[in-house]
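So the structure is just underneath, and the comments pick up after that.
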Amino acid sequence: MMPQPVDKAPVDKAPVDKAPVDKAAVLVESLPYIRRFWGKVVVVKYGGNVLANQEGEDPVDDAEALASFAEDIVLMRSVGMLPVVVHGGGPQIGALMARVGKEVEFRDGLRVTDADTIDLVRMVLVGKVNRDIVSAVNVHGALAVGLSGEDANLITATAHSEALGYVGDVVSVDPVIVHQLLAQGLIPVVATIGADVSGQAFNINADTVAGALASALEAEKLVFLTNVSGLRSVPGDPATLIHQASADDLDQLVASGAAGGGMIPKVEACARAVRAGVARAHILDGRTPHALLLEIFTDQGVGTMIVSNTVSAAP
C-alpha cells in the first residue's frame with residue numbers, strides 16, 4: 001500500500017523581507033553605469049535655487065538638502081567618478097545685500113554689480129557658500145577643496161556690459177588646477193568669480209561657468225541641479241516633462257518660450273557643452289533626495305537628458 005500523506009500542522013514562517021532584495025537590485029542596476037563612468041569627469045552645478053521653495057510646497061531644509069547632495073558627490077567619487085562642483089549663490093547674495101541695506105537692481109535678469117556689490121558677492125560665494133559645500137563634503141573624509149575662478153587663472157573674464165558693472169562673461173578657462181586636484185583624488189568646489197587680465201574680479205553666471213568648465217575638462221557629463229523636475233514643453237505642467245532632448249531641440253524651446261527666465265542660461269550652457277564634446281548634459285530637480293544618483297546610476301533617471309544631435313540615446 002502506498003503511504004498516505006500525513007496532514008501536518010501549519011508552520012508559521014517569518015515574512016520575507018524584500019527590502020534587501022530591492023537594494024541588491026538597485027546595486028546590480030548601477031553596475032554598468034559605474035563601469036562606464038569610472039575615471040570620467042562629471043561637472044555638477046549646485047545653485048541657491050535648489051533650495052528655493054515652490055508655492056504650495058513644504059519648505060526645503062537647507063542643511064538636509066546640502067547633506068544629501070554631499071553624500072551623492074562623495075559616493076560618485078568613491079565609485080571612481082571624478083566630480084567637480086560649480087556653485088552660485090544668488091539668493092544668499094540678495095539676502096546679504098538686504099541685510100546691509102544695499103538695493104538690489106536687475107537688468108535683463110542680471111544683477112547690477114558695482115564696486116561695493118562685487119565685494120559682497122565675493123564674500124558670499126567664496127567665504128560662505130563655498131565653505132559650506134566644502135564642509136558638507138568633508139564630513140565624509142578629506143576630499144573637497146574650495147577655489148574660485150580667480151585661483152591659478154582658472155577663469156579669465158571680461159565685462160558683460162558697462163551698464164551691469166562687474167558682471168562678467170567667460171573669456172577662457174585654464175583647467176590645470178582642476179586637473180591637478182582631480183589627480184590627487186580630491187573634489188574641486190568652484191565659486192564662480194573670474195578675473196580679467198588686470199586682476200579685476202567679476203561675478204559670472206554659474207550656469208555659464210559650469211558649461212564652460214565642462215567643455216574645458218572634456219567632461220563626460222554636465223549636471224544642473226535646479227528647483228524643477230527638468231525641461232517641460234509646457235513650463236507650468238509637470239506632466240509635459242521632456243526626458244530627452246537634442247541641442248537643436250533646446251534652441252527651439254528657447255525660441256518658442258517654453259524655456260524662459262532662469263532656465264535660459266542652463267539650456268544655452270547645455271547646448272554649447274554637448275556641441276563642444278561633452279557627452280551628456282542633465283537638468284534635474286535638486287530637491288529630490290539623491291537626484292544625482294537616481295539620474296546617473298538608474299535606467300530611467302529623474303530629469304531631462306540632453307545629447308548632441310548625432311549620438312545615440314544611451315545614458
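Note on naming: chains are A, B, ... as they come in the C-alpha cells, residues start from 1 per chain, ligands start from 1 in the order shown.
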Taking a cut-off of 10 Å and counting only C-alpha atoms, can you build a table that, for each residue of segment 195-220 of chain A near segment 96-120 of chain A, reports the nearest atom pair and how far apart they are in Å (one decimal), sorted by chain then residue number, as JSON lines?
{"residue": "A:Ala201", "atom": "CA", "partner": "A:Ile118", "partner_atom": "CA", "distance": 7.5}
{"residue": "A:Phe202", "atom": "CA", "partner": "A:Ile118", "partner_atom": "CA", "distance": 7.1}
{"residue": "A:Asn203", "atom": "CA", "partner": "A:Ile118", "partner_atom": "CA", "distance": 6.9}
{"residue": "A:Ile204", "atom": "CA", "partner": "A:Leu110", "partner_atom": "CA", "distance": 9.7}
{"residue": "A:Asn205", "atom": "CA", "partner": "A:Leu110", "partner_atom": "CA", "distance": 8.4}
Per DSSP on the backbone, what are the strand (DSSP E) residues of segment 69-306 of chain A, as JSON, numbers by chain? {"A": [82, 83, 84, 85, 86, 87, 106, 107, 110, 111, 144, 145, 146, 147, 148, 155, 156, 157, 158, 159, 167, 168, 169, 170, 171, 172, 173, 187, 188, 189, 190, 191, 193, 194, 195, 201, 202, 203, 204, 221, 222, 223, 224, 225, 226, 244, 245, 246, 280, 281, 282, 283, 284, 285, 304, 305, 306]}
The distance between atom CA of Leu293 of chain A and atom CA of Ser215 of chain A is 22.1 Å
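When only C-alpha atoms are used to measure the gap to His179 of chain A, the shortest distance among A:Ile296, A:Leu213, A:Leu75, A:Asp196 belongs to A:Leu213.
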Could you name the residues that touch segment 223-230 of chain A at 6 Å or less, counting only C-alpha atoms, but leaving out those on the same chain fewer than 5 positions away, as a ChimeraX atom specification? /A:44-46,49-50,281-286,303-304
Suppose we keep C-alpha atoms; can you now write the selection as a tab-separated table (two decimals), in the first residue's frame?
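This went into result_13.tsv:
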chain	number	residue	atom	x	y	z
A	44	VAL	CA	27.75	69.37	-11.24
A	45	LYS	CA	26.28	72.85	-10.89
A	46	TYR	CA	24.70	73.36	-7.47
A	49	ASN	CA	17.79	77.95	-6.43
A	50	VAL	CA	18.00	74.27	-5.46
A	281	ALA	CA	24.01	67.15	-20.03
A	282	HIS	CA	21.24	66.79	-17.45
A	283	ILE	CA	18.75	69.12	-15.76
A	284	LEU	CA	17.36	67.74	-12.50
A	285	ASP	CA	15.28	68.76	-9.51
A	286	GLY	CA	17.97	69.04	-6.85
A	303	GLY	CA	15.11	64.59	-15.16
A	304	THR	CA	15.95	65.76	-18.67
Between A:Tyr33, A:Val85, A:Leu241, A:His160, which has the minimum distance to Ser148 of chain A (counting only C-alpha atoms)? A:Val85
Go through segment 62-139 of chain A residue by residue and, counting only C-alpha atoms, keep those with an atom at most 12 Å from segment 38-43 of chain A; for each kept residue give the shortest atom pair and its distance in Å to one decimal, ordered by chain and increasing number, as CSV.
residue,atom,partner,partner_atom,distance
A:Ile73,CA,A:Val42,CA,9.9
A:Met76,CA,A:Val42,CA,9.1
A:Arg77,CA,A:Gly39,CA,9.2
A:Ser78,CA,A:Trp38,CA,9.9
A:Val79,CA,A:Trp38,CA,7.1
A:Gly80,CA,A:Trp38,CA,4.7
A:Met81,CA,A:Trp38,CA,5.1
A:Leu82,CA,A:Val41,CA,4.6
A:Pro83,CA,A:Val42,CA,4.8
A:Val84,CA,A:Val43,CA,4.7
A:Val85,CA,A:Val43,CA,5.9
A:Val86,CA,A:Val43,CA,7.1
A:His87,CA,A:Val43,CA,10.5
Just want the 7 Å neighbourhood of Val302 of chain A, counted on only C-alpha atoms, with same-chain residues fewer than 3 positions away dropped. Output as an MDAnalysis selection string. chainID A and resid 284 291 294:295
Written file, previous selection with C-alpha atoms, as a PDB file, in the first residue's frame:
ATOM      1  CA  LEU A 284      17.357  67.741 -12.502  1.00  0.00           C
ATOM      2  CA  ALA A 291      18.621  63.054  -7.527  1.00  0.00           C
ATOM      3  CA  LEU A 294      18.989  58.374  -9.491  1.00  0.00           C
ATOM      4  CA  GLU A 295      19.840  60.130 -12.750  1.00  0.00           C
TER       5      GLU A 295
END
What's around Arg272 of chain A at 10 Å? Count only C-alpha atoms, leave out sequence neighbours fewer than 2 positions away in its own chain, and write the answer as a PyMOL selection string. chain A and resi 208+211-212+215+247+266-270+274-278+308
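Taking atom CA of Gly89 of chain A and atom CA of Ser256 of chain A as the two end points, the separation is 28.6 Å.
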Measuring between only C-alpha atoms, which one of A:Ala19, A:Leu217, A:Ile34, A:Ala258 shows the shortest distance to Asp237 of chain A?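 Smallest separation from Asp237 of chain A among the options: A:Ala258.
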Please run DSSP on the backbone and report, as a ChimeraX atom specification, all residues within segment 147-225 of chain A that come out as alpha helix (DSSP H). /A:176-183,206-216
If you keep N, CA, C and O atoms, can you produce a file of those selected residues as a compact mmCIF listing (two decimals), in the first residue's frame?
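Output (result_28.txt):
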# COMPACT_ATOMS: atom_id res chain seq x y z
N VAL A 176 44.03 73.66 -15.54
CA VAL A 176 45.19 72.95 -14.99
C VAL A 176 45.01 72.66 -13.50
O VAL A 176 45.25 71.54 -13.03
N ILE A 177 44.60 73.66 -12.72
CA ILE A 177 44.47 73.48 -11.27
C ILE A 177 43.42 72.42 -10.95
O ILE A 177 43.57 71.62 -10.02
N VAL A 178 42.35 72.36 -11.75
CA VAL A 178 41.30 71.36 -11.52
C VAL A 178 41.84 69.97 -11.84
O VAL A 178 41.61 69.01 -11.08
N HIS A 179 42.56 69.83 -12.94
CA HIS A 179 43.16 68.53 -13.27
C HIS A 179 44.11 68.06 -12.17
O HIS A 179 44.13 66.87 -11.82
N GLN A 180 44.88 68.99 -11.61
CA GLN A 180 45.82 68.62 -10.56
C GLN A 180 45.10 68.12 -9.32
O GLN A 180 45.51 67.13 -8.71
N LEU A 181 44.02 68.79 -8.95
CA LEU A 181 43.25 68.35 -7.78
C LEU A 181 42.60 66.99 -8.02
O LEU A 181 42.61 66.11 -7.14
N LEU A 182 42.05 66.79 -9.21
CA LEU A 182 41.43 65.50 -9.53
C LEU A 182 42.47 64.38 -9.49
O LEU A 182 42.18 63.26 -9.04
N ALA A 183 43.67 64.67 -9.97
CA ALA A 183 44.73 63.66 -9.98
C ALA A 183 45.13 63.24 -8.58
O ALA A 183 45.64 62.14 -8.37
N ALA A 206 26.65 81.31 -12.89
CA ALA A 206 27.18 79.99 -12.55
C ALA A 206 26.84 78.94 -13.60
O ALA A 206 27.63 78.00 -13.82
N ASP A 207 25.69 79.05 -14.25
CA ASP A 207 25.35 78.11 -15.31
C ASP A 207 26.35 78.22 -16.46
O ASP A 207 26.81 77.21 -17.01
N THR A 208 26.69 79.45 -16.81
CA THR A 208 27.64 79.67 -17.89
C THR A 208 29.01 79.10 -17.54
O THR A 208 29.67 78.46 -18.36
N VAL A 209 29.45 79.34 -16.30
CA VAL A 209 30.75 78.82 -15.86
C VAL A 209 30.75 77.30 -15.89
O VAL A 209 31.72 76.67 -16.35
N ALA A 210 29.69 76.68 -15.40
CA ALA A 210 29.63 75.22 -15.38
C ALA A 210 29.76 74.64 -16.78
O ALA A 210 30.50 73.67 -17.01
N GLY A 211 29.06 75.23 -17.74
CA GLY A 211 29.15 74.75 -19.11
C GLY A 211 30.53 74.93 -19.70
O GLY A 211 31.07 74.03 -20.36
N ALA A 212 31.14 76.11 -19.46
CA ALA A 212 32.48 76.37 -19.99
C ALA A 212 33.52 75.46 -19.36
O ALA A 212 34.42 74.95 -20.04
N LEU A 213 33.40 75.20 -18.05
CA LEU A 213 34.35 74.33 -17.37
C LEU A 213 34.18 72.89 -17.83
O LEU A 213 35.19 72.17 -18.04
N ALA A 214 32.96 72.44 -18.03
CA ALA A 214 32.72 71.08 -18.52
C ALA A 214 33.36 70.89 -19.89
O ALA A 214 33.96 69.85 -20.17
N SER A 215 33.23 71.89 -20.75
CA SER A 215 33.84 71.80 -22.08
C SER A 215 35.36 71.75 -21.99
O SER A 215 36.01 70.94 -22.66
N ALA A 216 35.94 72.62 -21.14
CA ALA A 216 37.40 72.67 -21.00
C ALA A 216 37.95 71.38 -20.43
O ALA A 216 39.07 70.96 -20.77
In Å, how far is it from atom CA of Pro32 of chain A to atom CA of Ala273 of chain A?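 Atom-to-atom, atom CA of Pro32 of chain A to atom CA of Ala273 of chain A, that is 24.3 Å.
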Who sits within 10 Å of Leu66 of chain A, only C-alpha atoms, same chain under 5 positions skipped, as a ChimeraX atom specification: /A:46,50-51,61,71-72,132-133,136-137,286-287
Resulting file, chosen residues, N, CA, C and O atoms, as a CSV table (one decimal), in the first residue's frame:
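Output file again-v3.csv follows:
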chain,number,residue,atom,x,y,z
A,46,TYR,N,25.6,73.3,-8.6
A,46,TYR,CA,24.7,73.4,-7.5
A,46,TYR,C,24.5,74.8,-7.1
A,46,TYR,O,25.4,75.5,-6.7
A,50,VAL,N,18.3,75.6,-5.9
A,50,VAL,CA,18.0,74.3,-5.5
A,50,VAL,C,17.2,74.3,-4.2
A,50,VAL,O,16.3,73.5,-4.0
A,51,LEU,N,17.4,75.3,-3.4
A,51,LEU,CA,16.8,75.4,-2.1
A,51,LEU,C,15.5,76.3,-2.1
A,51,LEU,O,14.9,76.5,-1.1
A,61,ASP,N,14.6,72.0,3.8
A,61,ASP,CA,15.6,72.2,4.8
A,61,ASP,C,17.0,72.3,4.2
A,61,ASP,O,17.5,71.4,3.6
A,71,GLU,N,26.5,63.7,0.1
A,71,GLU,CA,26.6,62.2,0.1
A,71,GLU,C,26.6,61.7,-1.3
A,71,GLU,O,27.4,60.8,-1.6
A,72,ASP,N,25.8,62.3,-2.2
A,72,ASP,CA,25.9,61.9,-3.6
A,72,ASP,C,27.2,62.1,-4.3
A,72,ASP,O,27.8,61.3,-5.0
A,132,ASP,N,30.6,76.3,2.9
A,132,ASP,CA,29.5,75.4,3.4
A,132,ASP,C,29.5,74.1,2.6
A,132,ASP,O,29.4,73.0,3.2
A,133,ILE,N,29.7,74.1,1.3
A,133,ILE,CA,29.7,72.9,0.5
A,133,ILE,C,31.0,72.1,0.8
A,133,ILE,O,30.9,70.9,0.9
A,136,ALA,N,30.4,70.3,4.0
A,136,ALA,CA,29.5,69.2,4.0
A,136,ALA,C,30.1,68.0,3.3
A,136,ALA,O,29.8,66.9,3.8
A,137,VAL,N,30.9,68.2,2.3
A,137,VAL,CA,31.6,67.0,1.7
A,137,VAL,C,32.6,66.4,2.6
A,137,VAL,O,32.7,65.2,2.7
A,286,GLY,N,17.0,69.3,-7.9
A,286,GLY,CA,18.0,69.0,-6.8
A,286,GLY,C,17.3,68.9,-5.5
A,286,GLY,O,18.0,68.5,-4.5
A,287,ARG,N,16.0,69.2,-5.4
A,287,ARG,CA,15.3,69.0,-4.1
A,287,ARG,C,14.9,67.5,-3.9
A,287,ARG,O,14.5,67.1,-2.8
Which residue out of A:Leu147, A:Ala70, A:Ala159, A:Ala245 has the minimum interatomic distance to Ser135 of chain A when only C-alpha atoms are used? A:Ala70
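The neighbours of Thr240 of chain A here are the residues that come within 10 Å of it, using only C-alpha atoms and leaving out any residue fewer than 6 positions away in the same chain; they are Gly230, Leu231, Arg232, Ser233 and Val234 of chain A.
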